[in-house]
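Asker: Below is the file final-v8.cif, with mmCIF, C-alpha atoms and all ligand atoms.
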```
data_data
#
loop_
_atom_site.label_atom_id
_atom_site.label_comp_id
_atom_site.auth_asym_id
_atom_site.auth_seq_id
_atom_site.Cartn_x
_atom_site.Cartn_y
_atom_site.Cartn_z
CA MET A 1 -9.18 -16.16 23.43
CA ILE A 2 -11.89 -18.85 23.35
CA GLU A 3 -15.30 -18.32 24.96
CA ILE A 4 -17.81 -21.11 24.71
CA ASN A 5 -21.25 -20.68 26.24
CA ASN A 6 -23.82 -23.35 26.79
CA LEU A 7 -22.76 -25.48 23.85
CA THR A 8 -24.73 -28.57 22.97
CA PHE A 9 -23.73 -31.03 20.32
CA ALA A 10 -24.95 -34.49 19.31
CA TYR A 11 -23.88 -36.65 16.40
CA GLU A 12 -26.72 -37.70 14.13
CA ARG A 13 -29.27 -39.85 15.95
CA GLY A 14 -27.01 -39.98 19.03
CA LYS A 15 -27.48 -38.58 22.48
CA PRO A 16 -25.76 -35.27 23.22
CA ILE A 17 -21.98 -35.55 23.65
CA LEU A 18 -21.71 -31.90 24.79
CA ASN A 19 -24.49 -30.63 26.94
CA GLY A 20 -24.24 -27.12 28.36
CA LEU A 21 -20.49 -26.81 27.86
CA ASN A 22 -18.78 -23.59 28.97
CA ILE A 23 -15.11 -23.04 28.17
CA HIS A 24 -13.02 -19.98 28.91
CA VAL A 25 -9.48 -19.99 27.50
CA PRO A 26 -7.67 -16.79 28.58
CA ASP A 27 -5.34 -14.95 26.20
CA GLY A 28 -1.75 -16.15 26.53
CA SER A 29 -2.62 -19.23 28.57
CA ILE A 30 -1.65 -22.85 28.12
CA TYR A 31 -5.06 -24.37 28.58
CA GLY A 32 -5.14 -28.07 29.43
CA PHE A 33 -8.37 -29.62 28.21
CA LEU A 34 -8.76 -32.80 30.21
CA GLY A 35 -11.24 -35.62 30.00
CA MET A 36 -11.37 -39.39 29.82
CA ASN A 37 -11.17 -41.06 26.42
CA GLY A 38 -14.55 -40.66 24.75
CA SER A 39 -15.60 -37.71 26.92
CA GLY A 40 -15.88 -35.40 23.90
CA LYS A 41 -12.62 -33.43 23.73
CA THR A 42 -12.09 -33.97 20.01
CA THR A 43 -15.77 -33.25 19.38
CA SER A 44 -15.41 -29.93 21.26
CA ILE A 45 -12.29 -29.03 19.30
CA ARG A 46 -14.00 -29.88 16.02
CA ASN A 47 -16.81 -27.51 17.01
CA ILE A 48 -14.30 -24.74 17.72
CA LEU A 49 -12.66 -25.34 14.35
CA GLN A 50 -16.04 -25.20 12.60
CA LEU A 51 -15.65 -28.77 11.38
CA LEU A 52 -18.88 -29.62 13.22
CA LYS A 53 -21.90 -27.42 13.79
CA PRO A 54 -23.32 -27.14 17.31
CA GLN A 55 -27.05 -27.57 17.93
CA SER A 56 -27.05 -24.60 20.28
CA GLY A 57 -24.76 -22.31 22.24
CA THR A 58 -22.14 -19.78 21.19
CA ILE A 59 -18.43 -20.00 20.40
CA GLN A 60 -16.20 -16.95 20.27
CA VAL A 61 -12.60 -17.05 19.12
CA ASN A 62 -10.46 -13.97 19.58
CA GLY A 63 -13.53 -11.87 20.42
CA ASN A 64 -15.50 -12.85 17.34
CA GLU A 65 -18.48 -15.13 17.13
CA ILE A 66 -17.77 -18.01 14.82
CA SER A 67 -20.32 -19.41 12.45
CA ASN A 68 -20.06 -21.50 9.34
CA ASN A 69 -20.00 -18.32 7.28
CA SER A 70 -16.89 -16.81 8.77
CA PRO A 71 -13.83 -18.53 7.33
CA SER A 72 -11.80 -15.42 8.21
CA GLN A 73 -11.68 -16.60 11.82
CA ARG A 74 -9.55 -19.54 10.79
CA LYS A 75 -6.57 -17.33 10.09
CA HIS A 76 -6.18 -16.80 13.84
CA VAL A 77 -6.18 -20.52 14.59
CA GLY A 78 -3.71 -23.30 13.92
CA ALA A 79 -4.59 -26.87 14.82
CA LEU A 80 -3.23 -30.37 15.04
CA ILE A 81 -6.12 -32.75 15.55
CA GLU A 82 -5.04 -36.01 13.99
CA ALA A 83 -1.77 -37.77 13.32
CA PRO A 84 -0.35 -35.48 10.62
CA SER A 85 0.28 -36.97 7.18
CA PHE A 86 3.36 -36.12 5.12
CA TYR A 87 5.17 -37.10 1.98
CA GLY A 88 7.62 -39.57 3.50
CA HIS A 89 10.12 -39.29 0.62
CA LEU A 90 10.47 -35.54 1.23
CA ASP A 91 12.30 -33.74 4.02
CA ALA A 92 10.60 -31.35 6.47
CA THR A 93 11.38 -28.22 4.44
CA ASP A 94 9.83 -29.63 1.27
CA ASN A 95 6.78 -30.86 3.17
CA LEU A 96 6.35 -27.41 4.71
CA HIS A 97 6.86 -25.81 1.31
CA ILE A 98 3.84 -27.69 -0.04
CA HIS A 99 1.71 -26.40 2.84
CA SER A 100 3.15 -22.90 2.64
CA LYS A 101 1.71 -22.42 -0.85
CA PHE A 102 -1.76 -22.83 0.61
CA TYR A 103 -1.12 -20.06 3.14
CA GLY A 104 1.03 -17.90 0.88
CA VAL A 105 4.00 -17.71 3.25
CA GLY A 106 7.66 -17.60 2.25
CA ARG A 107 10.82 -19.65 2.79
CA ASN A 108 11.84 -17.57 5.79
CA ARG A 109 8.76 -18.61 7.71
CA ILE A 110 9.53 -22.27 6.98
CA LYS A 111 12.94 -21.83 8.61
CA GLU A 112 11.35 -20.05 11.56
CA VAL A 113 8.74 -22.72 12.27
CA LEU A 114 11.32 -25.52 11.98
CA ASP A 115 13.36 -23.66 14.54
CA ILE A 116 10.41 -23.14 16.91
CA VAL A 117 9.58 -26.86 16.98
CA GLY A 118 13.24 -27.86 17.24
CA LEU A 119 13.52 -29.71 13.94
CA THR A 120 16.33 -27.60 12.44
CA PRO A 121 18.98 -30.27 13.23
CA HIS A 122 16.91 -32.82 11.29
CA ILE A 123 16.10 -30.93 8.11
CA LYS A 124 18.14 -33.23 5.88
CA LYS A 125 16.23 -36.32 6.98
CA LYS A 126 13.36 -37.76 4.97
CA THR A 127 10.21 -37.53 7.08
CA ARG A 128 9.52 -41.28 6.79
CA LYS A 129 12.58 -41.73 9.00
CA TYR A 130 11.16 -39.37 11.63
CA SER A 131 10.17 -40.65 15.08
CA THR A 132 6.54 -40.22 16.15
CA GLY A 133 7.59 -37.21 18.23
CA MET A 134 9.34 -35.57 15.29
CA LYS A 135 6.31 -36.17 13.07
CA GLN A 136 4.12 -34.64 15.72
CA ARG A 137 6.37 -31.57 15.92
CA LEU A 138 6.36 -31.23 12.13
CA GLY A 139 2.55 -31.25 12.45
CA VAL A 140 2.85 -28.34 14.90
CA ALA A 141 5.20 -26.57 12.46
CA ILE A 142 2.56 -26.85 9.72
CA ALA A 143 -0.09 -25.48 12.09
CA LEU A 144 2.21 -22.54 12.86
CA LEU A 145 3.01 -21.57 9.25
CA HIS A 146 0.45 -18.74 9.06
CA ASP A 147 1.48 -17.46 12.49
CA PRO A 148 -1.88 -17.92 14.27
CA LYS A 149 -2.54 -16.40 17.70
CA LEU A 150 -4.16 -19.59 18.92
CA LEU A 151 -2.89 -23.12 18.57
CA ILE A 152 -5.10 -26.11 19.32
CA LEU A 153 -3.40 -29.47 19.80
CA ASP A 154 -5.49 -32.60 20.28
CA GLU A 155 -3.68 -35.15 22.48
CA PRO A 156 -0.20 -34.03 21.35
CA ALA A 157 1.48 -36.44 23.78
CA ASN A 158 -0.34 -39.52 22.48
CA GLY A 159 1.98 -42.22 21.18
CA LEU A 160 5.13 -40.35 22.23
CA ASP A 161 7.94 -41.83 24.29
CA PRO A 162 9.09 -39.94 27.44
CA LYS A 163 11.72 -37.99 25.50
CA GLY A 164 9.19 -37.03 22.85
CA ILE A 165 6.77 -35.90 25.56
CA ILE A 166 9.40 -33.62 27.11
CA GLU A 167 10.29 -32.14 23.71
CA MET A 168 6.62 -31.49 22.96
CA ARG A 169 6.24 -29.81 26.34
CA THR A 170 9.23 -27.56 25.63
CA THR A 171 7.74 -26.59 22.27
CA ILE A 172 4.41 -25.72 23.92
CA GLN A 173 6.12 -23.57 26.55
CA GLN A 174 8.10 -21.81 23.86
CA LEU A 175 4.91 -21.00 21.99
CA GLN A 176 3.49 -19.40 25.11
CA ASP A 177 6.69 -17.38 25.55
CA MET A 178 6.10 -16.08 22.04
CA GLY A 179 2.71 -14.77 23.17
CA LYS A 180 0.57 -17.51 21.68
CA THR A 181 -2.39 -19.11 23.39
CA VAL A 182 -2.20 -22.89 23.38
CA MET A 183 -5.09 -25.24 24.04
CA LEU A 184 -4.07 -28.86 24.35
CA SER A 185 -6.18 -31.86 25.19
CA SER A 186 -5.20 -34.92 27.16
CA HIS A 187 -6.76 -37.81 29.06
CA LEU A 188 -3.90 -37.76 31.56
CA LEU A 189 -3.89 -35.30 34.45
CA PRO A 190 -0.13 -35.50 35.27
CA GLU A 191 0.68 -34.57 31.69
CA ILE A 192 -1.45 -31.42 31.86
CA GLU A 193 -0.23 -30.46 35.35
CA LYS A 194 3.33 -30.26 34.07
CA VAL A 195 2.64 -27.67 31.41
CA ALA A 196 -0.73 -25.94 31.74
CA THR A 197 -1.49 -22.59 33.35
CA HIS A 198 -5.25 -23.23 33.18
CA VAL A 199 -7.28 -26.41 33.24
CA GLY A 200 -10.75 -27.49 32.17
CA ILE A 201 -12.06 -30.97 32.92
CA LEU A 202 -14.74 -32.28 30.62
CA HIS A 203 -17.08 -34.83 32.16
CA GLN A 204 -20.52 -35.92 30.96
CA GLY A 205 -20.75 -33.15 28.41
CA LYS A 206 -19.92 -30.32 30.82
CA MET A 207 -17.00 -28.81 32.66
CA ALA A 208 -16.55 -30.59 35.99
CA PHE A 209 -13.80 -28.09 36.86
CA GLN A 210 -12.35 -25.00 35.24
CA GLY A 211 -9.72 -22.70 36.69
CA THR A 212 -6.05 -22.00 37.11
CA ILE A 213 -3.56 -24.76 37.87
CA GLU A 214 -3.25 -23.37 41.43
CA GLU A 215 -7.01 -23.58 41.91
CA LEU A 216 -6.87 -27.17 40.69
CA GLN A 217 -4.17 -28.02 43.25
CA ASN A 218 -6.35 -26.47 45.95
CA VAL A 219 -9.30 -28.61 44.99
CA LYS A 220 -7.14 -31.74 44.83
CA GLU A 221 -5.60 -31.27 48.24
CA LYS A 222 -8.82 -30.76 50.11
CA ASP A 223 -11.50 -33.36 50.68
CA LEU A 224 -13.75 -30.97 52.47
CA SER A 225 -13.57 -27.27 53.13
CA LEU A 226 -15.66 -24.48 54.51
CA SER A 227 -16.05 -21.37 52.40
CA LEU A 228 -16.91 -18.22 54.36
CA LYS A 229 -17.65 -14.68 53.26
CA VAL A 230 -16.83 -12.41 56.19
CA GLY A 231 -16.67 -8.72 56.99
CA GLN A 232 -13.28 -8.87 58.71
CA PRO A 233 -11.23 -11.60 56.99
CA GLN A 234 -7.93 -10.74 58.67
CA LYS A 235 -9.47 -10.79 62.12
CA ALA A 236 -11.20 -14.10 61.33
CA ILE A 237 -7.86 -15.66 60.35
CA GLU A 238 -6.26 -14.51 63.60
CA ILE A 239 -9.08 -15.97 65.67
CA LEU A 240 -9.12 -19.32 63.85
CA ALA A 241 -5.43 -19.59 63.10
CA ALA A 242 -4.32 -22.27 65.53
CA GLY A 243 -3.83 -25.56 63.70
CA LYS A 244 -6.05 -24.69 60.73
CA SER A 245 -5.20 -24.37 57.10
CA ILE A 246 -6.89 -21.21 55.81
CA SER A 247 -6.59 -19.48 52.48
CA LYS A 248 -7.96 -16.01 51.76
CA LYS A 249 -9.15 -14.32 48.59
CA HIS A 250 -10.56 -10.83 49.30
CA ASP A 251 -13.40 -11.38 51.78
CA LEU A 252 -13.63 -15.09 51.04
CA LEU A 253 -11.97 -17.57 53.35
CA SER A 254 -11.47 -21.22 52.58
CA ILE A 255 -10.89 -23.31 55.69
CA GLU A 256 -9.84 -26.93 55.52
CA ILE A 257 -12.02 -29.16 57.69
CA SER A 258 -12.25 -32.91 58.14
CA LYS A 259 -15.98 -33.28 58.86
CA ALA A 260 -19.21 -31.29 58.87
CA ASP A 261 -19.15 -31.28 62.69
CA ASP A 262 -16.15 -28.93 62.52
CA ILE A 263 -18.38 -26.17 61.14
CA PRO A 264 -20.51 -25.09 64.17
CA PRO A 265 -17.55 -24.39 66.52
CA ILE A 266 -15.86 -22.30 63.81
CA ILE A 267 -18.99 -20.22 63.27
CA SER A 268 -19.65 -19.71 66.98
CA LYS A 269 -16.02 -18.64 67.56
CA LEU A 270 -16.32 -16.02 64.84
CA VAL A 271 -19.71 -14.77 66.01
CA THR A 272 -18.46 -14.46 69.59
CA ALA A 273 -15.51 -12.40 68.36
CA GLY A 274 -17.85 -10.07 66.47
CA VAL A 275 -16.90 -11.14 62.93
CA ASP A 276 -19.74 -10.51 60.46
CA ILE A 277 -20.58 -13.59 58.43
CA TYR A 278 -22.31 -13.10 55.08
CA GLU A 279 -22.08 -16.56 53.58
CA VAL A 280 -21.33 -20.10 54.76
CA LYS A 281 -20.76 -22.90 52.24
CA LYS A 282 -19.55 -26.46 52.65
CA VAL A 283 -17.39 -27.41 49.65
CA GLU A 284 -16.85 -31.08 48.90
CA ASN A 285 -14.24 -32.45 46.57
CA ASN A 286 -16.31 -34.75 44.41
CA LEU A 287 -13.72 -34.83 41.68
CA GLU A 288 -11.48 -37.32 43.44
CA GLU A 289 -12.67 -40.34 41.50
CA LEU A 290 -12.40 -38.44 38.24
CA PHE A 291 -8.83 -37.39 39.08
CA LEU A 292 -8.00 -41.01 39.75
CA THR A 293 -9.26 -42.24 36.39
CA MET A 294 -7.16 -39.60 34.67
CA THR A 295 -3.98 -40.43 36.51
CA HIS A 296 -3.00 -43.61 34.69
CA GLU A 297 -3.18 -44.83 31.17
CA GLU A 298 -6.36 -46.90 30.80
CA LYS A 299 -5.75 -50.50 29.78
CA GLU A 300 -8.33 -50.65 27.01
CA ASN A 301 -8.93 -47.70 24.80
CA ALA A 302 -5.59 -46.18 25.73
CA HIS A 303 -4.53 -45.50 22.18
CA SER A 304 -7.83 -44.70 20.61
CA HIS A 305 -6.36 -41.54 19.14
CA ALA A 306 -3.01 -42.95 18.13
P1 LIG B 401 -12.37 -37.69 23.24
O1 LIG B 401 -11.68 -36.80 22.25
O2 LIG B 401 -12.55 -37.04 24.57
O3 LIG B 401 -11.74 -39.04 23.37
P2 LIG B 401 -14.46 -37.79 21.24
O4 LIG B 401 -14.90 -36.39 21.02
O5 LIG B 401 -13.55 -38.38 20.22
O6 LIG B 401 -13.86 -37.93 22.71
O7 LIG B 401 -15.76 -38.72 21.32
C1 LIG B 401 -16.85 -38.43 22.15
C2 LIG B 401 -17.98 -39.41 21.87
O8 LIG B 401 -18.49 -39.17 20.57
C3 LIG B 401 -17.56 -40.87 21.91
O9 LIG B 401 -18.60 -41.60 22.52
C4 LIG B 401 -17.43 -41.24 20.45
O10 LIG B 401 -17.71 -42.60 20.26
C5 LIG B 401 -18.49 -40.37 19.80
N1 LIG B 401 -18.14 -40.01 18.41
C6 LIG B 401 -16.97 -39.46 18.00
N2 LIG B 401 -17.00 -39.23 16.66
C7 LIG B 401 -18.21 -39.65 16.22
C8 LIG B 401 -18.87 -39.67 14.93
N3 LIG B 401 -18.26 -39.21 13.84
N4 LIG B 401 -20.13 -40.18 14.87
C9 LIG B 401 -20.75 -40.63 15.97
N5 LIG B 401 -20.21 -40.64 17.21
C10 LIG B 401 -18.96 -40.16 17.33
#
```
Any chance you could put this one into structure tokens?
Ligand code: ADP
Answerer:
Amino acid sequence: MIEINNLTFAYERGKPILNGLNIHVPDGSIYGFLGMNGSGKTTSIRNILQLLKPQSGTIQVNGNEISNNSPSQRKHVGALIEAPSFYGHLDATDNLHIHSKFYGVGRNRIKEVLDIVGLTPHIKKKTRKYSTGMKQRLGVAIALLHDPKLLILDEPANGLDPKGIIEMRTTIQQLQDMGKTVMLSSHLLPEIEKVATHVGILHQGKMAFQGTIEELQNVKEKDLSLSLKVGQPQKAIEILAAGKSISKKHDLLSIEISKADDIPPIISKLVTAGVDIYEVKKVENNLEELFLTMTHEEKENAHSHA
């Protein structure tokens, strides 16, 4: 749904914020875009939405290259990138009606989007009496009016209380059930782990990790592992099995080890048993510190997007 290759971006006279960024958001995924505050998530999203122009690299949305001359691409995308603003003296329906004129959609769609985001029980209320979570969901409803295939939400959990966070999560899951692709950003790993199917971690202008949520769990659990490409993976597992944690993907084995000294005995065991070895790689988990910084709300800066 989104393919970004080798993107670089710098604000005027600044050093590059994005520097060789690659993002792959699969169709139908809930893609958690993680990174510390200030790492460049909003900047990336603004590039995708054509609100900023990259210095180099390519961005494809829904199979089409975007450029500043292709406004047609926007019809596939809905976005919530800042705290949404409404007419506080109007209710949700009237607020949506104002936006619907821009997109040329009818009353029925207004009802539908209110239902999707769970605001139907609150349609009589003036939006100034809405909680932050309800305002946020009305923002999602506006982004959904033209029925885009892709929805991009920048820090949708920011400023929400626990109940609001759960409601937002439910809305996101519902959107995926409807076949939409959702990209959401966050500076908190636990938040993303609860909802995402895929994860990308932005660090120093690049992706420090990108993969499925299962792959992320694998990386998190292991400090050190040995990656082996072998001719007879099943046989290798049988030989090494005792007391070792091994996962297999085709002819690639990933074996949990505690130190580099564990590697030679594993190799010699396999060679002795006649297993062909095509590749040996030591894989270190150097993301641990990054995971830690994204586990708790930072003291300063925590509400920079609120
Ligand atoms: P995130 O969304 O991950 O918190 P941002 O994309 O908002 O990160 O910001 C990335 C970096 O770009 C920060 O250092 C921020 O100060 C800087 N930045 C953001 N907007 C601007 C701007 N309009 N002009 C100059 N620098 C900016």
Asker: Could you give me the residues within 6 Å of ligand LIG 401 (chain B), counting all atoms listed in the file, as a short mmCIF file (atom, residue, chain, number, x, y, z; two decimals) with C-alpha atoms, in the coordinates of the input?
Answerer:
```cif
data_model
loop_
_atom_site.label_atom_id
_atom_site.label_comp_id
_atom_site.auth_asym_id
_atom_site.auth_seq_id
_atom_site.Cartn_x
_atom_site.Cartn_y
_atom_site.Cartn_z
CA TYR A 11 -23.88 -36.65 16.40
CA ILE A 17 -21.98 -35.55 23.65
CA GLY A 35 -11.24 -35.62 30.00
CA MET A 36 -11.37 -39.39 29.82
CA ASN A 37 -11.17 -41.06 26.42
CA GLY A 38 -14.55 -40.66 24.75
CA SER A 39 -15.60 -37.71 26.92
CA GLY A 40 -15.88 -35.40 23.90
CA LYS A 41 -12.62 -33.43 23.73
CA THR A 42 -12.09 -33.97 20.01
CA THR A 43 -15.77 -33.25 19.38
#
```
Asker: Which one of A:Ile2, A:Leu51, A:Ala83, A:Leu21 sits closest to Lys149 of chain A if you count only C-alpha atoms?
Answerer: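 Under the stated criterion, the closest residue is A:Ile2.
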Asker: Quote the spacing between atom CA of Lys248 of chain A and atom CA of Glu214 of chain A in Å to one decimal place.
Answerer: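 Result for atom CA of Lys248 of chain A versus atom CA of Glu214 of chain A: 13.5 Å, one decimal.
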Asker: Leu202 of chain A: which residues within 7 Å, counting all atoms listed in the file, same-chain residues fewer than 2 positions away excluded, as a PyMOL selection string?
Answerer: chain A and resi 34-35+39+200+204-208
Asker: Please produce a file of those selected residues containing C-alpha atoms, as a PDB file, keeping the file's coordinate frame.
Answerer:
```pdb
ATOM      1  CA  LEU A  34      -8.760 -32.800  30.210  1.00  0.00           C
ATOM      2  CA  GLY A  35     -11.240 -35.620  30.000  1.00  0.00           C
ATOM      3  CA  SER A  39     -15.600 -37.710  26.920  1.00  0.00           C
ATOM      4  CA  GLY A 200     -10.750 -27.490  32.170  1.00  0.00           C
ATOM      5  CA  GLN A 204     -20.520 -35.920  30.960  1.00  0.00           C
ATOM      6  CA  GLY A 205     -20.750 -33.150  28.410  1.00  0.00           C
ATOM      7  CA  LYS A 206     -19.920 -30.320  30.820  1.00  0.00           C
ATOM      8  CA  MET A 207     -17.000 -28.810  32.660  1.00  0.00           C
ATOM      9  CA  ALA A 208     -16.550 -30.590  35.990  1.00  0.00           C
TER      10      ALA A 208
END
```
Asker: Any idea what's packed within 7 Å of Ile30 of chain A, counting only C-alpha atoms, ignoring anything in its chain fewer than 5 positions away? Could you give it as a ChimeraX atom specification?
Answerer: /A:176,181-183,196-198
Asker: List the spatial neighbours of segment 154-158 of chain A as a PyMOL selection string - criterion: any atom at most 7 Å away, only C-alpha atoms, same-chain residues fewer than 5 positions off excluded.
Answerer: chain A and resi 42+80-81+165+184-186+306
Asker: Take the residues that were just selected and, keeping C-alpha atoms, output them as a CSV table (one decimal), in the coordinates of the input.
Answerer:
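Ended up saving to part.csv:
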```
chain,number,residue,atom,x,y,z
A,42,THR,CA,-12.1,-34.0,20.0
A,80,LEU,CA,-3.2,-30.4,15.0
A,81,ILE,CA,-6.1,-32.8,15.6
A,165,ILE,CA,6.8,-35.9,25.6
A,184,LEU,CA,-4.1,-28.9,24.4
A,185,SER,CA,-6.2,-31.9,25.2
A,186,SER,CA,-5.2,-34.9,27.2
A,306,ALA,CA,-3.0,-43.0,18.1
```
Asker: Please determine, counting only C-alpha atoms, which residue among A:Pro84, A:Pro190, A:Pro121, A:Gly14 has the shortest atom-to-atom distance to Thr295 of chain A.
Answerer: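 Nearest candidate to Thr295 of chain A out of A:Pro84, A:Pro190, A:Pro121, A:Gly14: A:Pro190.
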Asker: Just need the box for segment 154-171 of chain A, edges along x, y and z, holding every atom the file lists for it with 6 Å tacked onto each side, so centre and edge lengths in Å to one decimal, as lines of an AutoDock Vina configuration file.
Answerer:
```
center_x = 3.1
center_y = -34.4
center_z = 23.9
size_x = 29.2
size_y = 27.6
size_z = 19.2
```
Asker: Between A:Leu287, A:Ile98, A:Met294, A:Leu226, single out the one closest to Asp261 of chain A, counting all atoms listed in the file.
Answerer: A:Leu226
Asker: Figure out the distance between atom CA of Ser100 of chain A and atom CA of Thr127 of chain A, please, to one decimal in Å.
Answerer: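 Atom CA of Ser100 of chain A lies 16.8 Å from atom CA of Thr127 of chain A.
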Asker: As an exercise, work out the distance from atom CA of Glu12 of chain A to atom CA of Ile48 of chain A in Å and give it to one decimal place.
Answerer: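 So the answer is 18.3 Å.
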Asker: Enumerate, as a VMD selection string, the protein, DNA and RNA residues whose atoms approach (-4.2, -25.7, 58.4) to within 12 Å, taking into account only C-alpha atoms and the coordinate frame of the file.
Answerer: chain A and resid 221 to 222 225 237 240 to 247 254 to 258
Asker: Within 10 Å of (-13.9, -19.9, 28.5), all atoms listed in the file: residues as a PDB file with C-alpha atoms, in the frame of the given file?
Answerer:
```pdb
ATOM      1  CA  MET A   1      -9.180 -16.160  23.430  1.00  0.00           C
ATOM      2  CA  ILE A   2     -11.890 -18.850  23.350  1.00  0.00           C
ATOM      3  CA  GLU A   3     -15.300 -18.320  24.960  1.00  0.00           C
ATOM      4  CA  ILE A   4     -17.810 -21.110  24.710  1.00  0.00           C
ATOM      5  CA  ASN A   5     -21.250 -20.680  26.240  1.00  0.00           C
ATOM      6  CA  LEU A  21     -20.490 -26.810  27.860  1.00  0.00           C
ATOM      7  CA  ASN A  22     -18.780 -23.590  28.970  1.00  0.00           C
ATOM      8  CA  ILE A  23     -15.110 -23.040  28.170  1.00  0.00           C
ATOM      9  CA  HIS A  24     -13.020 -19.980  28.910  1.00  0.00           C
ATOM     10  CA  VAL A  25      -9.480 -19.990  27.500  1.00  0.00           C
ATOM     11  CA  PRO A  26      -7.670 -16.790  28.580  1.00  0.00           C
ATOM     12  CA  TYR A  31      -5.060 -24.370  28.580  1.00  0.00           C
ATOM     13  CA  ILE A  59     -18.430 -20.000  20.400  1.00  0.00           C
ATOM     14  CA  GLN A  60     -16.200 -16.950  20.270  1.00  0.00           C
ATOM     15  CA  VAL A  61     -12.600 -17.050  19.120  1.00  0.00           C
ATOM     16  CA  GLY A 200     -10.750 -27.490  32.170  1.00  0.00           C
ATOM     17  CA  GLN A 210     -12.350 -25.000  35.240  1.00  0.00           C
ATOM     18  CA  GLY A 211      -9.720 -22.700  36.690  1.00  0.00           C
TER      19      GLY A 211
END
```
Asker: Fewer than 2 positions away in the same chain doesn't count, so skip those; otherwise give me all residues within 9 Å of Gly118 of chain A, counting all atoms listed in the file, as a list in words.
Answerer: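 Contacts, in chain order: Val113, Leu114, Asp115, Ile116, Thr120, Pro121, His122, Met134, Arg137, Glu167 and Thr171 of chain A.
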Asker: Selection from above, C-alpha atoms, as a short mmCIF file (atom, residue, chain, number, x, y, z; two decimals), in the coordinates of the input, can you write it?
Answerer:
```cif
data_model
loop_
_atom_site.label_atom_id
_atom_site.label_comp_id
_atom_site.auth_asym_id
_atom_site.auth_seq_id
_atom_site.Cartn_x
_atom_site.Cartn_y
_atom_site.Cartn_z
CA VAL A 113 8.74 -22.72 12.27
CA LEU A 114 11.32 -25.52 11.98
CA ASP A 115 13.36 -23.66 14.54
CA ILE A 116 10.41 -23.14 16.91
CA THR A 120 16.33 -27.60 12.44
CA PRO A 121 18.98 -30.27 13.23
CA HIS A 122 16.91 -32.82 11.29
CA MET A 134 9.34 -35.57 15.29
CA ARG A 137 6.37 -31.57 15.92
CA GLU A 167 10.29 -32.14 23.71
CA THR A 171 7.74 -26.59 22.27
#
```
Asker: Nearest to Phe33 of chain A among A:Arg128, A:Lys282, A:Arg169, A:His187, with distances taken over only C-alpha atoms: which residue is it?
Answerer: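 Nearest candidate to Phe33 of chain A out of A:Arg128, A:Lys282, A:Arg169, A:His187: A:His187.
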